[in-house]
Amino acid sequence: MSALLLAAGCTSSAGSDGSGSGDGSAAVAASAPDQRLTVVADAEPAAAAVSTSRALFDEAGVVVVAPDGDPAATLLGASAAVGLGVPLLLDPEGAGGDETVAAELDRLGAGTVLAVGGDAAPGGGDRDVVTVPATAEAVGAATGLDLAEADPVPADGGAAAVAGLDPDAPAALVPEDGVGGGGGEASGELPEVTRAEPLEDTVVLAAGTPESLAGVATARAAGAQVQLTGGATDPRASADVVDLVAQDPAGSVVALGAGFGAEEGLDWKLETAATGAQLPGGGQLLFPQHFMVALYGHPGTGSLGVLGEQDVDASVQRARDHAAPYEALVPDATVVPAFEIIATVASQFPTDEGDYSYEAPVEQLRPWVEAAGQAGLYVVLDLQPGRTDFVTQAERYRELLVLPHVGLALDPEWRLAPDQVHLTQIGSVPVEEVNRVVTWLADLTRENRLPQKLLVLHQFRVDMIPGREQVDVSRDELSVMVHADGQGPQGSKQETWRVLRGIGPEGLTWGWKNFYDEDQPMLTPEETVAQVSPRPQLISYQ
């Protein structure tokens with residue numbers, strides 16, 4: 001991964017003199033970055049514009065420059081740059097005095113500058129400068145481009161409008177507030193520009209924030225594919241981004257936006273996105289874009305929950321039926337039906353291995369896991385380990401946990417000390433063991449380049465997870481969830497919810513369980529969303 005960050009006063013070696021290709025035209029050369037990932041994280045728009053130009057262009061006999069902070073000039077400058085196939089730079093002073101921009105003009109070998117809304121070129125020198133007011137007519141006259149009319153661009157829509165420009169038929173972008181560049185004409189005409197071969201295999205992920213607008217224009221001018229992320233800086237967050245980078249898993253990617261510089265692990269997150277694997281509901285991150293509704297139980301028996309009351313196909317349909325009412329209640333997330341399958345069942349009596357836990361064979365669970373995945377359901381494997389530990393049991397199901405739609409749940413109620421048996425006390429697990437599971441599952445997820453996995457911690461008493469405030473939530477490979485399993489009168493359940501939420505750490509996600517028989521009464525979907533606050537990310541039914 002490489003990072004391009006500029007500071008005022010930095011220098012660059014000069015390029016050619018920009019005189020053109022020998023026939024009077026201005027030559028342009030673009031090339032994909034050598035690195036798999038290039039990060040343009042400058043906070044200042046002018047610096048970000050220069051960094052993007054450096055990342056994508058080797059030479060440009062003509063360059064467009066607009067005054068930084070002038071929306072009309074910047075938008076029309078973007079239209080011109082994309083139509084011509086040349087970089088758009090910003091002059092932060094508006095009067096041609098910025099050394100950083102001048103150095104980039106030198107590196108590009110820019111013999112001619114189109115100054116939109118300005119009256120000079122940064123650095124002065126012997127470059128030809130064509131000044132033009134920020135009007136569509138004047139820019140069209142100077143460039144020879146037939147700029148189509150376009151809808152006015154709202155204040156927060158500049159990056160999207162620029163990303164949508166067609167290099168073969170650019171539109172004249174103007175701000176919605178109607179403030180333009182006044183009257184006047186262009187001071188001259190540009191030489192003919194010989195476009196570079198488009199960088200069709202280069203992807204630019206743009207946060208769409210204001211500092212990235214000129215860089216987006218430069219990327220479109222270079223022929224790169226631009227995908228706006230809506231401010232998200234984790235490439236796993238968007239189904240569209242995942243699809244795009246998966247088209248060429250070895251292609252060059254430029255991450256454009258100040259926020260990308262603070263995104264830890266951006267390189268491995270990109271490689272995960274490039275697999276193209278997606279969670280049910282799309283993308284590779286679980287929350288807040290998804291809202292899960294799960295059936296809980298064990299295949300083949302109804303005594304452990306509603307999931308086992310019917311065969312797998314009927315359970316898939318029942319999960320969908322449970323999830324459907326939430327779609328209208330949770331309009332800001334994709335509702336995903338799910339299974340929580342008890343993979344290891346607490347036993348009142350000693351088992352063959354003496355751990356008081358029946359470990360269901362993988363072959364028994366696989367048909368349910370695979371059927372759920374094919375139907376678009378998420379799956380959580382629940383562990384009730386008895387006298388063994390959670391990591392040891394999780395290892396038994398590694399071949400299921402490497403599937404992209406499968407997460408893990410720990411049920412401390414059924415975690416025993418060496419001299420304990422079930423149903424004589426409530427079990428517990430120390431936070432150190434929980435964190436060993438965090439590390440194990442996060443490492444498995446990263447090593448296999450899997451979408452983010454859900455790790456559920458079932459809890460209804462504080463002493464079930466002593467030291468829970470020390471649970472490791474630093475691993476972005478996982479979403480760690482506390483699932484409130486209280487049952488009985490709704491007042492008691494709400495008190496359990498309140499107490500559990502009062503314990504750290506920050507960064508947890510939350511689940512709530514509705515019990516058919518034990519709750520008094522069980523909440524309807526409408527009541528669940530209205531009364532359980534803040535809204536959980538997972539609702540399960542037992």
# chains A, B, ... in the order shown; residues from 1 in each chain; ligands from 1

call {"tool": "select_by_dssp", "arguments": {"residues": "stretch 89-132 of chain A", "states": "alpha helix (DSSP H)", "output": "PyMOL selection string"}}
result
chain A and resi 99-108

call {"tool": "write_last_selection", "arguments": {"atoms": "N, CA and C atoms", "output": "PDB file, in the first residue's frame"}}
result
ATOM      1  N   GLU A  99       2.965  26.867  -4.715  1.00  0.00           N
ATOM      2  CA  GLU A  99       4.128  26.148  -5.222  1.00  0.00           C
ATOM      3  C   GLU A  99       3.840  24.671  -5.466  1.00  0.00           C
ATOM      4  N   THR A 100       2.985  24.078  -4.653  1.00  0.00           N
ATOM      5  CA  THR A 100       2.681  22.663  -4.821  1.00  0.00           C
ATOM      6  C   THR A 100       2.005  22.412  -6.151  1.00  0.00           C
ATOM      7  N   VAL A 101       1.012  23.227  -6.485  1.00  0.00           N
ATOM      8  CA  VAL A 101       0.321  23.069  -7.758  1.00  0.00           C
ATOM      9  C   VAL A 101       1.267  23.375  -8.909  1.00  0.00           C
ATOM     10  N   ALA A 102       2.098  24.403  -8.759  1.00  0.00           N
ATOM     11  CA  ALA A 102       3.063  24.736  -9.810  1.00  0.00           C
ATOM     12  C   ALA A 102       4.028  23.580 -10.044  1.00  0.00           C
ATOM     13  N   ALA A 103       4.465  22.931  -8.980  1.00  0.00           N
ATOM     14  CA  ALA A 103       5.364  21.787  -9.126  1.00  0.00           C
ATOM     15  C   ALA A 103       4.696  20.649  -9.880  1.00  0.00           C
ATOM     16  N   GLU A 104       3.402  20.444  -9.639  1.00  0.00           N
ATOM     17  CA  GLU A 104       2.694  19.393 -10.366  1.00  0.00           C
ATOM     18  C   GLU A 104       2.543  19.755 -11.835  1.00  0.00           C
ATOM     19  N   LEU A 105       2.302  21.013 -12.142  1.00  0.00           N
ATOM     20  CA  LEU A 105       2.247  21.436 -13.542  1.00  0.00           C
ATOM     21  C   LEU A 105       3.582  21.171 -14.226  1.00  0.00           C
ATOM     22  N   ASP A 106       4.671  21.429 -13.514  1.00  0.00           N
ATOM     23  CA  ASP A 106       5.999  21.143 -14.073  1.00  0.00           C
ATOM     24  C   ASP A 106       6.179  19.647 -14.325  1.00  0.00           C
ATOM     25  N   ARG A 107       5.797  18.828 -13.350  1.00  0.00           N
ATOM     26  CA  ARG A 107       5.964  17.382 -13.502  1.00  0.00           C
ATOM     27  C   ARG A 107       5.181  16.859 -14.694  1.00  0.00           C
ATOM     28  N   LEU A 108       3.979  17.380 -14.888  1.00  0.00           N
ATOM     29  CA  LEU A 108       3.142  16.949 -15.997  1.00  0.00           C
ATOM     30  C   LEU A 108       3.619  17.477 -17.345  1.00  0.00           C
TER      31      LEU A 108
END

call {"tool": "residues_around", "arguments": {"residues": "A:Ala239", "least_positions_apart": "2", "cutoff": "8 Å", "atoms": "only C-alpha atoms", "output": "MDAnalysis selection string"}}
result
chainID A and resid 236:237 241:243 278 282:284

call {"tool": "closest_residue", "arguments": {"among": "A:Val63, A:Arg436, A:Pro280, A:Gly111", "to": "A:Leu84", "atoms": "only C-alpha atoms"}}
result
A:Val63

call {"tool": "atom_distance", "arguments": {"atom1": "atom CA of A:Arg449", "atom2": "atom CA of A:Thr275"}}
result
7.2 Å

call {"tool": "closest_residue", "arguments": {"among": "A:Ala323, A:Leu400, A:Val345, A:Ala80", "to": "A:Val62", "atoms": "only C-alpha atoms"}}
result
A:Ala80
